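Q: Below is a structure I'd like to ask you about.
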Amino acid sequence: MTKNIFIASAEPYTGKSVIAFGMINMLLAKTQKVGYFKPIIAQEDPDKRDEHVEAMLDYFSLPVKYEDAFAFTRQDMLQQSDDSGTMINTIISKYKKLEDNYDFTVIEGSDFLGEGSAFEFESNALMAKNLGAPVLVVVSGKGKSASQLFKSAINIYKNFLLRDVQVLGVVANMVNPEEAERIKQALTNQLPAELLIAVIPVESGLQSPTMKEITTALNAEVLFGADLLDNQVDNFVTGAMMLPNFLRHIKDNLLIVTPGDRGDIIIGSLQANLSANYPKIAGIVLTAGSLPDEPMIRLIEGLQTIIPIISVQKGTFETTTAIGSIHSKITIDNKKKIALAIDIFERHVDLKALDDKIITFSYQGITPHMFQYQLVKWAKREKKHIVLPEGNDERILKAVEKLIAQDIVEITLLGDPLEIGNSIKRLGLNLDPNAIHIHNPAHSEHYDHYVETLHELRKAKNVNLEMARDMMTDVSYFGTMMVYKGDADGMVSGAVHTTQHTIRPALQFVKTRPGVSVVSSIFFMCLPERVAIFGDCAVNPNPTAQQLAEIAISSAESSAKFGIEPRIAMLSYSSGTSGEGEDVERVREATAIVRARYPELKIEGPIQYDAAVDPKVGKQKMPNSEVAGRASVLIFPDLNTGNNTYKAVQRETGALAIGPMLQGLNKPINDLSRGCTVDDIFNTVVITAIQCQDI
């Protein structure tokens, strides 16, 4: 059974890192223990870590120490090129220490930079052979014709075969999108049928450097806009012409290179970036060490939004030449590029065919990474339409950028379209406003119809037409009505508004599902080794025994729907029959109600938290229980206990808390915490989309 794979190339800048990130992401969705090993790294400064290795270990939180993830620096390898036996023995020794601790290890070959490239191919083939690792060959299509790429791929494949190295597949990366299908067909026709063939078109989001990379490469000084250095640069132009002519050359994500005394170009660029009629500008490079005059500096400092402006000592020609030679890297501080790399891998590589070839382990249980990977996969299965009422919140817009980039859901934002468009530009987001729907409730084509519907639904509660008009200008009411009328499938709100503000409209006219009398909530708690469900931590302050039972039943249904076997622990301050008191009796009664209604459910209560989750304590306190020590669904006796416990667990363990997800409503409406992060919003939209698939 294969336990490793070697990602190899025979030339520089093939984009192997895209394949490495995608492979590890795929494997972590199937098995818990995945290792990463890059035998030879390109670390030039002994005091600085290899950026690629560091990014790989950090992004996936792999339990591999940095010093264990490689054997040699490239300089060390070249010095030992006359003693390949010792070199290979060292590599095998370091690799074997990793192999023993992981179910599967991804090995990444070296980078072929500068001198020693011929020796490097030989050493990669030798390493793959000695580590018993089948090879996935990566070839670059950048700057090559289809014929050149085809010949290159065939030659590299044959060279590995000549050295008795097993090849699993060939990936042609960074190819011209117009040639992609032809190249794939040609490779499929000429290479053995059992090989995996993948063709990945060039992606500007990965090839284009960020302002930070350009700043580092030019050894530049940052004058303004340090908080937007992750702006992507797709094009650059020299600002040496008159302003009207210059404005005609502005394209998306443009970098302007100009001397510092060209105040007209600088101000024109800043104003164009703020204008709704011009594309986004990535930044400005001021050349020859010249800076704007003091009045110009004051003017720039007074602007609300300032794109990155950096200064270099070199002249304009030298600077543009240096910018053109920059090869963008995927680094630890650019999570956006890593996510894009993974998405590209998943779109263009046949994951099932690859999985069949490497025959990975099947981990019993579900890890946090598996869970998050599965969530996105489920959401993409049937694309849904989610409305986000708080359309101008920065966190919402950043989350939408990720959601649209991964093509997970259709999005409607509520708010002023001009303000939202300006915010997207101000934040430097790669988000096309035309890729989403934006509605200002009061000016929406749906407004009058929604007002009439609300009036009809609530007139028995003394809501007249004028009141309905006023209520429908509220984004929570408008968004909820979109869901009620089927103009959106689900809603996520609460980044700005309170829980009550978010769910009140839903309780008024979306209402609860048949057979459900209480709306409740759960959090998916992604702990280091497992995913648990906590309920109810957001809605019901002091539930009765009947309500607790319903919360437990709803939570068990949600657990099963999201791939987690429900083993329900009804929490209290005592376990089994040891305690007495009103609170314990309420939990005991709720447990009995669940058992009577659904005898097939695994449930225990009352039970203490430690007895519910710790196998040793569970076995000691309740030795005959199917749930004790193994609980996956934890039901808290009241809101005070639940809310504080989930926050304590989240802060003390670093667990990711996804939610709250509301249960029991006819249609999915979910609430956010006002302290939510971009990832919280992203995850909540994803689980809402999955909920919508059952409606």
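Ordered as shown in the structure tokens, chains take letters A, B, and onward, while each chain numbers its residues from 1 and ligands are numbered from 1 in the order shown.
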Hey, which bits of stretch 274-313 of chain A sit within 10 Å of stretch 235-250 of chain A, and for each residue what's the closest pair of atoms and how far apart in Å (one decimal), counting only C-alpha atoms, rows by chain and increasing number, as a tab-separated table?

A:
residue	atom	partner	partner_atom	distance
A:Tyr278	CA	A:Ile250	CA	7.4
A:Pro279	CA	A:Ile250	CA	7.0
A:Lys280	CA	A:Ile250	CA	8.6
A:Ile281	CA	A:Ile250	CA	7.8
A:Ala282	CA	A:Asn235	CA	9.0
A:Gly283	CA	A:Phe236	CA	9.4
A:Ile284	CA	A:Phe236	CA	9.4
A:Val285	CA	A:Thr238	CA	9.5
A:Leu286	CA	A:Gly239	CA	9.9

Q: Please extract the residues of stretch 308-440 of chain A with a backbone DSSP assignment of strand (DSSP E or B) and present them as a list in words.

A: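 Strand (DSSP E or B) assignments inside stretch 308-440 of chain A correspond to Ile309, Ile310, Ser311, His385, Ile386, Val387, Leu388, Glu410, Ile411, Thr412, Leu413, Leu414, His437, Ile438 and His439 of chain A.
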
Q: Selection from above, all heavy atoms, as a short mmCIF file (atom, residue, chain, number, x, y, z; two decimals), in the first residue's frame, can you write it?

A:
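To be explicit, this is the file written out as result-v8.cif:
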data_model
loop_
_atom_site.label_atom_id
_atom_site.label_comp_id
_atom_site.auth_asym_id
_atom_site.auth_seq_id
_atom_site.Cartn_x
_atom_site.Cartn_y
_atom_site.Cartn_z
N ILE A 309 2.15 53.16 -1.41
CA ILE A 309 3.11 53.99 -2.17
C ILE A 309 4.49 53.68 -1.59
O ILE A 309 4.72 53.85 -0.39
CB ILE A 309 2.80 55.49 -2.04
CG1 ILE A 309 1.38 55.79 -2.55
CG2 ILE A 309 3.82 56.31 -2.83
CD1 ILE A 309 0.95 57.24 -2.41
N ILE A 310 5.38 53.17 -2.46
CA ILE A 310 6.72 52.81 -2.00
C ILE A 310 7.76 53.59 -2.78
O ILE A 310 7.50 54.06 -3.89
CB ILE A 310 6.97 51.28 -2.12
CG1 ILE A 310 6.89 50.83 -3.58
CG2 ILE A 310 5.96 50.51 -1.27
CD1 ILE A 310 7.21 49.35 -3.79
N SER A 311 8.95 53.72 -2.18
CA SER A 311 10.02 54.52 -2.80
C SER A 311 11.27 53.66 -2.97
O SER A 311 11.64 52.89 -2.08
CB SER A 311 10.33 55.72 -1.90
OG SER A 311 11.49 56.38 -2.34
N HIS A 385 -28.39 30.12 -2.76
CA HIS A 385 -28.37 31.58 -2.78
C HIS A 385 -28.55 32.09 -1.35
O HIS A 385 -29.59 31.85 -0.73
CB HIS A 385 -29.52 32.07 -3.68
CG HIS A 385 -29.57 33.54 -3.86
ND1 HIS A 385 -30.43 34.16 -4.74
CD2 HIS A 385 -28.88 34.56 -3.28
CE1 HIS A 385 -30.28 35.47 -4.69
NE2 HIS A 385 -29.33 35.73 -3.80
N ILE A 386 -27.54 32.78 -0.82
CA ILE A 386 -27.57 33.27 0.57
C ILE A 386 -27.59 34.80 0.57
O ILE A 386 -26.82 35.44 -0.15
CB ILE A 386 -26.33 32.77 1.36
CG1 ILE A 386 -26.21 31.24 1.25
CG2 ILE A 386 -26.42 33.22 2.82
CD1 ILE A 386 -27.37 30.46 1.80
N VAL A 387 -28.47 35.37 1.41
CA VAL A 387 -28.53 36.83 1.54
C VAL A 387 -27.82 37.24 2.83
O VAL A 387 -27.99 36.62 3.88
CB VAL A 387 -29.99 37.35 1.52
CG1 VAL A 387 -30.84 36.71 2.60
CG2 VAL A 387 -30.03 38.87 1.64
N LEU A 388 -26.99 38.27 2.73
CA LEU A 388 -26.24 38.82 3.86
C LEU A 388 -26.69 40.26 4.04
O LEU A 388 -26.31 41.14 3.27
CB LEU A 388 -24.73 38.75 3.59
CG LEU A 388 -24.17 37.35 3.32
CD1 LEU A 388 -22.74 37.43 2.83
CD2 LEU A 388 -24.23 36.49 4.56
N GLU A 410 -24.24 31.55 -4.30
CA GLU A 410 -24.66 32.81 -4.91
C GLU A 410 -24.94 33.76 -3.76
O GLU A 410 -25.51 33.36 -2.75
CB GLU A 410 -25.91 32.58 -5.76
CG GLU A 410 -26.36 33.77 -6.56
CD GLU A 410 -27.59 33.46 -7.40
OE1 GLU A 410 -27.94 32.25 -7.54
OE2 GLU A 410 -28.22 34.41 -7.90
N ILE A 411 -24.56 35.03 -3.89
CA ILE A 411 -24.66 35.97 -2.77
C ILE A 411 -25.49 37.20 -3.14
O ILE A 411 -25.33 37.76 -4.22
CB ILE A 411 -23.25 36.44 -2.33
CG1 ILE A 411 -22.48 35.30 -1.66
CG2 ILE A 411 -23.33 37.65 -1.39
CD1 ILE A 411 -22.96 34.92 -0.28
N THR A 412 -26.35 37.60 -2.20
CA THR A 412 -26.99 38.91 -2.26
C THR A 412 -26.56 39.70 -1.03
O THR A 412 -26.64 39.19 0.10
CB THR A 412 -28.52 38.80 -2.27
OG1 THR A 412 -28.94 38.32 -3.55
CG2 THR A 412 -29.18 40.17 -2.04
N LEU A 413 -26.08 40.91 -1.24
CA LEU A 413 -25.76 41.83 -0.14
C LEU A 413 -26.83 42.90 -0.08
O LEU A 413 -27.30 43.39 -1.11
CB LEU A 413 -24.39 42.49 -0.37
CG LEU A 413 -23.16 41.59 -0.36
CD1 LEU A 413 -21.91 42.40 -0.69
CD2 LEU A 413 -23.00 40.89 0.97
N LEU A 414 -27.21 43.29 1.14
CA LEU A 414 -28.16 44.39 1.31
C LEU A 414 -27.40 45.64 1.73
O LEU A 414 -26.53 45.58 2.60
CB LEU A 414 -29.22 44.02 2.35
CG LEU A 414 -30.08 42.79 2.02
CD1 LEU A 414 -31.18 42.62 3.07
CD2 LEU A 414 -30.68 42.88 0.62
N HIS A 437 -25.22 40.02 -6.13
CA HIS A 437 -26.40 40.88 -6.20
C HIS A 437 -26.34 41.87 -5.04
O HIS A 437 -26.00 41.49 -3.92
CB HIS A 437 -27.68 40.05 -6.08
CG HIS A 437 -27.73 38.86 -6.99
ND1 HIS A 437 -27.98 38.95 -8.34
CD2 HIS A 437 -27.52 37.54 -6.73
CE1 HIS A 437 -27.95 37.74 -8.88
NE2 HIS A 437 -27.67 36.86 -7.93
N ILE A 438 -26.66 43.11 -5.30
CA ILE A 438 -26.69 44.13 -4.25
C ILE A 438 -28.03 44.85 -4.30
O ILE A 438 -28.41 45.38 -5.36
CB ILE A 438 -25.54 45.15 -4.41
CG1 ILE A 438 -24.17 44.43 -4.46
CG2 ILE A 438 -25.56 46.16 -3.25
CD1 ILE A 438 -22.99 45.35 -4.75
N HIS A 439 -28.75 44.84 -3.18
CA HIS A 439 -30.06 45.49 -3.12
C HIS A 439 -30.10 46.51 -2.00
O HIS A 439 -29.71 46.20 -0.87
CB HIS A 439 -31.18 44.46 -2.85
CG HIS A 439 -31.43 43.52 -3.98
ND1 HIS A 439 -31.66 43.95 -5.27
CD2 HIS A 439 -31.50 42.16 -4.02
CE1 HIS A 439 -31.86 42.89 -6.05
NE2 HIS A 439 -31.76 41.80 -5.31
#

Q: Between A:Thr319, A:Thr688, A:Ser632, A:Ser208, which has the minimum distance to A:Val492 (counting only C-alpha atoms)?

A: A:Thr688

Q: Would you mind reading off the distance between atom CA of A:Val349 and atom CA of A:Gly205, one decimal, in Å?

A: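 Rounded to one decimal, the two atoms are 18.3 Å apart.
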
Q: Counting only C-alpha atoms, what is within 9 Å of A:Gly132, bar same-chain residues fewer than 2 positions away, as a ChimeraX atom specification?

A: /A:2,4-5,127-130,134,165-166

Q: Store the residues picked out above, limited to C-alpha atoms, as a compact mmCIF listing (two decimals), in the first residue's frame.

A:
# COMPACT_ATOMS: atom_id res chain seq x y z
CA THR A 2 1.38 3.39 -1.03
CA ASN A 4 3.95 8.48 0.08
CA ILE A 5 4.14 10.45 -3.13
CA MET A 127 15.61 10.18 -3.82
CA ALA A 128 12.24 9.02 -5.16
CA LYS A 129 13.66 5.59 -5.95
CA ASN A 130 15.33 5.14 -2.56
CA PRO A 134 5.91 7.03 -6.82
CA VAL A 165 11.11 5.26 -10.87
CA GLN A 166 7.37 4.63 -10.85

Q: Using only C-alpha atoms, which protein or nucleic acid residues come within 9 Å of A:Glu550? Drop anything in the same chain fewer than 6 positions from it, and give the result as a PDB file with all heavy atoms, in the first residue's frame.

A:
ATOM      1  N   VAL A 516     -41.947  20.874  15.592  1.00  0.00           N
ATOM      2  CA  VAL A 516     -40.914  21.545  16.387  1.00  0.00           C
ATOM      3  C   VAL A 516     -41.540  22.764  17.058  1.00  0.00           C
ATOM      4  O   VAL A 516     -42.185  23.579  16.400  1.00  0.00           O
ATOM      5  CB  VAL A 516     -39.717  21.982  15.518  1.00  0.00           C
ATOM      6  CG1 VAL A 516     -38.690  22.746  16.349  1.00  0.00           C
ATOM      7  CG2 VAL A 516     -39.073  20.773  14.856  1.00  0.00           C
ATOM      8  N   SER A 517     -41.367  22.878  18.360  1.00  0.00           N
ATOM      9  CA  SER A 517     -41.966  24.008  19.078  1.00  0.00           C
ATOM     10  C   SER A 517     -40.928  25.015  19.559  1.00  0.00           C
ATOM     11  O   SER A 517     -41.283  26.097  19.998  1.00  0.00           O
ATOM     12  CB  SER A 517     -42.757  23.498  20.291  1.00  0.00           C
ATOM     13  OG  SER A 517     -41.885  22.876  21.225  1.00  0.00           O
ATOM     14  N   VAL A 518     -39.637  24.657  19.455  1.00  0.00           N
ATOM     15  CA  VAL A 518     -38.608  25.553  19.976  1.00  0.00           C
ATOM     16  C   VAL A 518     -37.462  25.698  18.967  1.00  0.00           C
ATOM     17  O   VAL A 518     -36.977  24.707  18.414  1.00  0.00           O
ATOM     18  CB  VAL A 518     -38.067  25.058  21.349  1.00  0.00           C
ATOM     19  CG1 VAL A 518     -37.433  23.684  21.240  1.00  0.00           C
ATOM     20  CG2 VAL A 518     -37.067  26.050  21.939  1.00  0.00           C
ATOM     21  N   SER A 520     -33.661  26.444  18.414  1.00  0.00           N
ATOM     22  CA  SER A 520     -32.455  26.335  19.241  1.00  0.00           C
ATOM     23  C   SER A 520     -31.223  26.507  18.367  1.00  0.00           C
ATOM     24  O   SER A 520     -31.331  26.722  17.152  1.00  0.00           O
ATOM     25  CB  SER A 520     -32.421  24.977  19.949  1.00  0.00           C
ATOM     26  OG  SER A 520     -32.407  23.920  19.007  1.00  0.00           O
ATOM     27  N   ALA A 590     -35.739  15.296  30.809  1.00  0.00           N
ATOM     28  CA  ALA A 590     -35.511  15.541  29.382  1.00  0.00           C
ATOM     29  C   ALA A 590     -34.908  14.302  28.712  1.00  0.00           C
ATOM     30  O   ALA A 590     -35.291  13.933  27.592  1.00  0.00           O
ATOM     31  CB  ALA A 590     -34.588  16.740  29.205  1.00  0.00           C
ATOM     32  N   ILE A 593     -37.596  11.738  28.138  1.00  0.00           N
ATOM     33  CA  ILE A 593     -38.473  12.109  27.015  1.00  0.00           C
ATOM     34  C   ILE A 593     -37.831  11.706  25.686  1.00  0.00           C
ATOM     35  O   ILE A 593     -38.484  11.143  24.804  1.00  0.00           O
ATOM     36  CB  ILE A 593     -38.767  13.628  27.037  1.00  0.00           C
ATOM     37  CG1 ILE A 593     -39.621  13.994  28.252  1.00  0.00           C
ATOM     38  CG2 ILE A 593     -39.469  14.062  25.745  1.00  0.00           C
ATOM     39  CD1 ILE A 593     -39.753  15.493  28.483  1.00  0.00           C
ATOM     40  N   VAL A 594     -36.532  12.000  25.536  1.00  0.00           N
ATOM     41  CA  VAL A 594     -35.824  11.640  24.297  1.00  0.00           C
ATOM     42  C   VAL A 594     -35.824  10.125  24.109  1.00  0.00           C
ATOM     43  O   VAL A 594     -36.094   9.619  23.010  1.00  0.00           O
ATOM     44  CB  VAL A 594     -34.379  12.183  24.299  1.00  0.00           C
ATOM     45  CG1 VAL A 594     -33.625  11.721  23.053  1.00  0.00           C
ATOM     46  CG2 VAL A 594     -34.363  13.703  24.385  1.00  0.00           C
TER      47      VAL A 594
END

Q: Got a sec: who's within 9 Å of A:Arg567, counting only C-alpha atoms, leaving out chain neighbours fewer than 2 positions off, as a VMD selection string?

A: chain A and resid 556 564 to 565 569 601 to 604 626 to 628 630 to 634

Q: For the residues selected in the previous step, produce a file with C-alpha atoms as a PDB file, in the first residue's frame.

A:
ATOM      1  CA  ALA A 556     -28.848  14.827  17.011  1.00  0.00           C
ATOM      2  CA  ILE A 564     -21.000  13.159  13.002  1.00  0.00           C
ATOM      3  CA  GLU A 565     -22.453  10.089  14.730  1.00  0.00           C
ATOM      4  CA  ALA A 569     -24.694  13.816  26.651  1.00  0.00           C
ATOM      5  CA  LEU A 601     -30.660   7.362  19.883  1.00  0.00           C
ATOM      6  CA  LYS A 602     -27.572   6.927  22.060  1.00  0.00           C
ATOM      7  CA  ILE A 603     -28.143   9.296  24.993  1.00  0.00           C
ATOM      8  CA  GLU A 604     -26.901   9.649  28.567  1.00  0.00           C
ATOM      9  CA  GLU A 626     -22.404   3.856  25.246  1.00  0.00           C
ATOM     10  CA  VAL A 627     -21.984   7.631  25.513  1.00  0.00           C
ATOM     11  CA  ALA A 628     -19.773   8.302  28.565  1.00  0.00           C
ATOM     12  CA  ARG A 630     -17.329   9.360  23.794  1.00  0.00           C
ATOM     13  CA  ALA A 631     -20.033  12.032  23.602  1.00  0.00           C
ATOM     14  CA  SER A 632     -20.244  13.932  20.317  1.00  0.00           C
ATOM     15  CA  VAL A 633     -23.366  16.012  21.079  1.00  0.00           C
ATOM     16  CA  LEU A 634     -23.282  17.923  24.368  1.00  0.00           C
TER      17      LEU A 634
END

Q: Could you pull the residues within 8 Å of A:Asp671, counting only C-alpha atoms, minus those fewer than 3 positions along the same chain, as a list in words?

A: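 Near neighbours after the sequence-gap exclusion: Val492, Ser493, Gly494, Thr499, Thr502, Ile503, Gly659, Pro660, Met661 and Leu662 of chain A.
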
Q: Near stretch 523-535 of chain A, within 8 Å and counting only C-alpha atoms, which residues show up once chain neighbours fewer than 5 positions away are dropped, as a compact mmCIF listing (two decimals) with all heavy atoms, in the first residue's frame?

A:
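Saved the output as part-v3.txt:
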# COMPACT_ATOMS: atom_id res chain seq x y z
N GLY A 365 -13.53 8.21 12.29
CA GLY A 365 -13.84 9.44 13.04
C GLY A 365 -13.75 10.62 12.09
O GLY A 365 -13.66 10.46 10.88
N ILE A 366 -13.79 11.81 12.65
CA ILE A 366 -13.72 13.01 11.80
C ILE A 366 -12.87 14.06 12.48
O ILE A 366 -13.12 14.44 13.62
CB ILE A 366 -15.14 13.54 11.47
CG1 ILE A 366 -15.05 14.70 10.47
CG2 ILE A 366 -15.91 13.92 12.71
CD1 ILE A 366 -16.37 15.03 9.81
N THR A 367 -11.83 14.51 11.82
CA THR A 367 -10.96 15.55 12.37
C THR A 367 -11.50 16.91 11.92
O THR A 367 -12.28 17.00 10.97
CB THR A 367 -9.51 15.39 11.85
OG1 THR A 367 -9.51 15.66 10.45
CG2 THR A 367 -8.99 13.99 12.12
N PRO A 368 -11.07 18.00 12.57
CA PRO A 368 -11.53 19.33 12.16
C PRO A 368 -11.26 19.62 10.68
O PRO A 368 -12.11 20.19 10.00
CB PRO A 368 -10.73 20.26 13.08
CG PRO A 368 -10.54 19.46 14.32
CD PRO A 368 -10.31 18.05 13.83
N PHE A 371 -13.63 17.78 8.54
CA PHE A 371 -14.96 18.37 8.67
C PHE A 371 -15.10 19.62 7.81
O PHE A 371 -16.05 19.75 7.03
CB PHE A 371 -15.24 18.69 10.14
CG PHE A 371 -16.61 19.25 10.40
CD1 PHE A 371 -17.74 18.48 10.18
CD2 PHE A 371 -16.76 20.54 10.88
CE1 PHE A 371 -19.00 18.99 10.41
CE2 PHE A 371 -18.02 21.06 11.11
CZ PHE A 371 -19.15 20.28 10.89
N ILE A 551 -34.32 20.21 22.01
CA ILE A 551 -32.98 20.70 21.63
C ILE A 551 -32.06 19.51 21.35
O ILE A 551 -31.31 19.49 20.37
CB ILE A 551 -32.39 21.60 22.73
CG1 ILE A 551 -33.19 22.92 22.82
CG2 ILE A 551 -30.91 21.90 22.46
CD1 ILE A 551 -32.88 23.75 24.05
N ALA A 552 -32.15 18.48 22.21
CA ALA A 552 -31.31 17.29 22.03
C ALA A 552 -31.65 16.56 20.74
O ALA A 552 -30.76 16.14 19.99
CB ALA A 552 -31.47 16.35 23.23
N SER A 555 -30.51 18.61 17.74
CA SER A 555 -29.04 18.58 17.67
C SER A 555 -28.54 17.24 17.14
O SER A 555 -27.56 17.18 16.38
CB SER A 555 -28.43 18.86 19.04
OG SER A 555 -28.83 20.12 19.52
N SER A 559 -26.39 16.71 13.84
CA SER A 559 -25.13 15.97 13.94
C SER A 559 -25.04 14.93 12.84
O SER A 559 -24.04 14.84 12.12
CB SER A 559 -25.05 15.31 15.32
OG SER A 559 -23.91 14.49 15.42
N ILE A 564 -21.52 13.47 11.67
CA ILE A 564 -21.00 13.16 13.00
C ILE A 564 -21.99 12.23 13.69
O ILE A 564 -23.16 12.59 13.88
CB ILE A 564 -20.81 14.44 13.84
CG1 ILE A 564 -19.85 15.40 13.13
CG2 ILE A 564 -20.32 14.13 15.24
CD1 ILE A 564 -19.85 16.80 13.69
N ALA A 631 -18.91 11.19 24.04
CA ALA A 631 -20.03 12.03 23.60
C ALA A 631 -19.61 12.93 22.44
O ALA A 631 -18.54 13.52 22.44
CB ALA A 631 -20.54 12.87 24.76
N SER A 632 -20.49 13.04 21.44
CA SER A 632 -20.24 13.93 20.32
C SER A 632 -21.23 15.10 20.30
O SER A 632 -20.96 16.12 19.66
CB SER A 632 -20.35 13.16 19.00
OG SER A 632 -21.62 12.55 18.88
N VAL A 633 -22.36 14.96 20.98
CA VAL A 633 -23.37 16.01 21.08
C VAL A 633 -23.57 16.33 22.55
O VAL A 633 -24.03 15.48 23.31
CB VAL A 633 -24.71 15.58 20.44
CG1 VAL A 633 -25.75 16.68 20.59
CG2 VAL A 633 -24.52 15.20 18.98
N LEU A 634 -23.20 17.54 22.95
CA LEU A 634 -23.28 17.92 24.37
C LEU A 634 -24.37 18.98 24.53
O LEU A 634 -24.29 20.07 23.96
CB LEU A 634 -21.93 18.45 24.86
CG LEU A 634 -20.83 17.36 24.83
CD1 LEU A 634 -19.89 17.60 23.67
CD2 LEU A 634 -20.07 17.30 26.13
N ILE A 635 -25.40 18.63 25.31
CA ILE A 635 -26.54 19.52 25.52
C ILE A 635 -26.42 20.15 26.90
O ILE A 635 -26.42 19.44 27.92
CB ILE A 635 -27.88 18.76 25.38
CG1 ILE A 635 -27.95 18.03 24.04
CG2 ILE A 635 -29.06 19.72 25.56
CD1 ILE A 635 -27.83 18.94 22.82
N PHE A 636 -26.34 21.47 26.94
CA PHE A 636 -26.15 22.19 28.20
C PHE A 636 -27.51 22.51 28.84
O PHE A 636 -28.50 22.74 28.12
CB PHE A 636 -25.35 23.47 27.95
CG PHE A 636 -23.93 23.20 27.53
CD1 PHE A 636 -23.60 23.05 26.19
CD2 PHE A 636 -22.94 23.05 28.48
CE1 PHE A 636 -22.30 22.77 25.80
CE2 PHE A 636 -21.63 22.77 28.09
CZ PHE A 636 -21.31 22.63 26.75
N GLY A 642 -24.04 27.01 28.76
CA GLY A 642 -23.61 26.70 27.39
C GLY A 642 -22.76 27.77 26.76
O GLY A 642 -21.71 27.50 26.18
N TYR A 646 -18.75 27.16 25.83
CA TYR A 646 -18.20 27.13 24.46
C TYR A 646 -17.12 28.19 24.30
O TYR A 646 -16.09 27.95 23.64
CB TYR A 646 -19.33 27.27 23.43
CG TYR A 646 -19.45 28.59 22.71
CD1 TYR A 646 -18.57 28.94 21.69
CD2 TYR A 646 -20.45 29.51 23.05
CE1 TYR A 646 -18.68 30.16 21.03
CE2 TYR A 646 -20.57 30.72 22.39
CZ TYR A 646 -19.67 31.04 21.39
OH TYR A 646 -19.78 32.25 20.74
N GLN A 650 -13.25 27.40 23.52
CA GLN A 650 -12.69 28.05 22.33
C GLN A 650 -11.40 28.79 22.66
O GLN A 650 -10.39 28.66 21.97
CB GLN A 650 -13.73 29.00 21.74
CG GLN A 650 -13.28 29.70 20.46
CD GLN A 650 -14.30 30.72 19.99
OE1 GLN A 650 -15.00 31.33 20.80
NE2 GLN A 650 -14.39 30.92 18.69
N THR A 653 -8.45 26.25 24.33
CA THR A 653 -7.89 25.17 23.50
C THR A 653 -7.54 25.63 22.10
O THR A 653 -6.90 24.89 21.35
CB THR A 653 -8.88 23.99 23.37
OG1 THR A 653 -10.02 24.41 22.59
CG2 THR A 653 -9.35 23.51 24.74
N GLY A 654 -7.98 26.85 21.72
CA GLY A 654 -7.76 27.32 20.36
C GLY A 654 -8.71 26.67 19.36
O GLY A 654 -8.48 26.72 18.15
N ALA A 655 -9.79 26.05 19.86
CA ALA A 655 -10.75 25.37 18.99
C ALA A 655 -11.46 26.38 18.10
O ALA A 655 -11.70 27.52 18.49
CB ALA A 655 -11.78 24.61 19.83
N LEU A 656 -11.80 25.94 16.90
CA LEU A 656 -12.61 26.75 16.00
C LEU A 656 -14.07 26.45 16.31
O LEU A 656 -14.50 25.29 16.29
CB LEU A 656 -12.30 26.39 14.54
CG LEU A 656 -13.21 27.02 13.48
CD1 LEU A 656 -13.03 28.53 13.43
CD2 LEU A 656 -12.92 26.40 12.11
N ALA A 657 -14.86 27.50 16.61
CA ALA A 657 -16.29 27.33 16.88
C ALA A 657 -17.06 27.82 15.66
O ALA A 657 -17.07 29.01 15.36
CB ALA A 657 -16.69 28.11 18.13
N ILE A 658 -17.71 26.90 14.94
CA ILE A 658 -18.50 27.26 13.76
C ILE A 658 -19.96 27.37 14.19
O ILE A 658 -20.55 26.40 14.65
CB ILE A 658 -18.36 26.22 12.65
CG1 ILE A 658 -16.88 26.09 12.22
CG2 ILE A 658 -19.21 26.59 11.45
CD1 ILE A 658 -16.64 25.01 11.18
N GLY A 659 -20.55 28.54 14.03
CA GLY A 659 -21.94 28.73 14.41
C GLY A 659 -22.12 30.09 15.05
O GLY A 659 -21.25 30.97 14.96
N PRO A 660 -23.28 30.29 15.72
CA PRO A 660 -24.30 29.28 15.96
C PRO A 660 -25.12 28.98 14.70
O PRO A 660 -25.36 29.87 13.89
CB PRO A 660 -25.19 29.92 17.03
CG PRO A 660 -25.03 31.40 16.80
CD PRO A 660 -23.61 31.60 16.35
N MET A 661 -25.53 27.72 14.57
CA MET A 661 -26.45 27.32 13.52
C MET A 661 -27.81 27.12 14.17
O MET A 661 -27.94 26.35 15.13
CB MET A 661 -25.99 26.02 12.87
CG MET A 661 -26.86 25.59 11.69
SD MET A 661 -26.37 23.98 11.01
CE MET A 661 -27.43 22.88 11.97

Q: Report as CSV the residues of stretch 105-189 of chain A within 12 Å of stretch 52-60 of chain A, each with its shortest atom pair and distance in Å (one decimal), using only C-alpha atoms, ordered by chain and increasing residue number.

A:
residue,atom,partner,partner_atom,distance
A:Val106,CA,A:Met56,CA,10.9
A:Ile107,CA,A:Val53,CA,11.2
A:Glu108,CA,A:Val53,CA,9.8
A:Gly109,CA,A:Val53,CA,11.9
A:Ser110,CA,A:His52,CA,11.5
A:Asp111,CA,A:His52,CA,11.1

Q: Would you export the selected residues with C-alpha atoms as a short mmCIF file (atom, residue, chain, number, x, y, z; two decimals), in the first residue's frame, please?

A:
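And here's again_21.cif as it stands now:
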data_model
loop_
_atom_site.label_atom_id
_atom_site.label_comp_id
_atom_site.auth_asym_id
_atom_site.auth_seq_id
_atom_site.Cartn_x
_atom_site.Cartn_y
_atom_site.Cartn_z
CA VAL A 106 3.94 14.15 0.74
CA ILE A 107 7.52 14.59 -0.49
CA GLU A 108 8.36 17.62 -2.62
CA GLY A 109 11.38 17.69 -4.92
CA SER A 110 13.88 20.54 -5.25
CA ASP A 111 13.48 23.74 -7.25
#
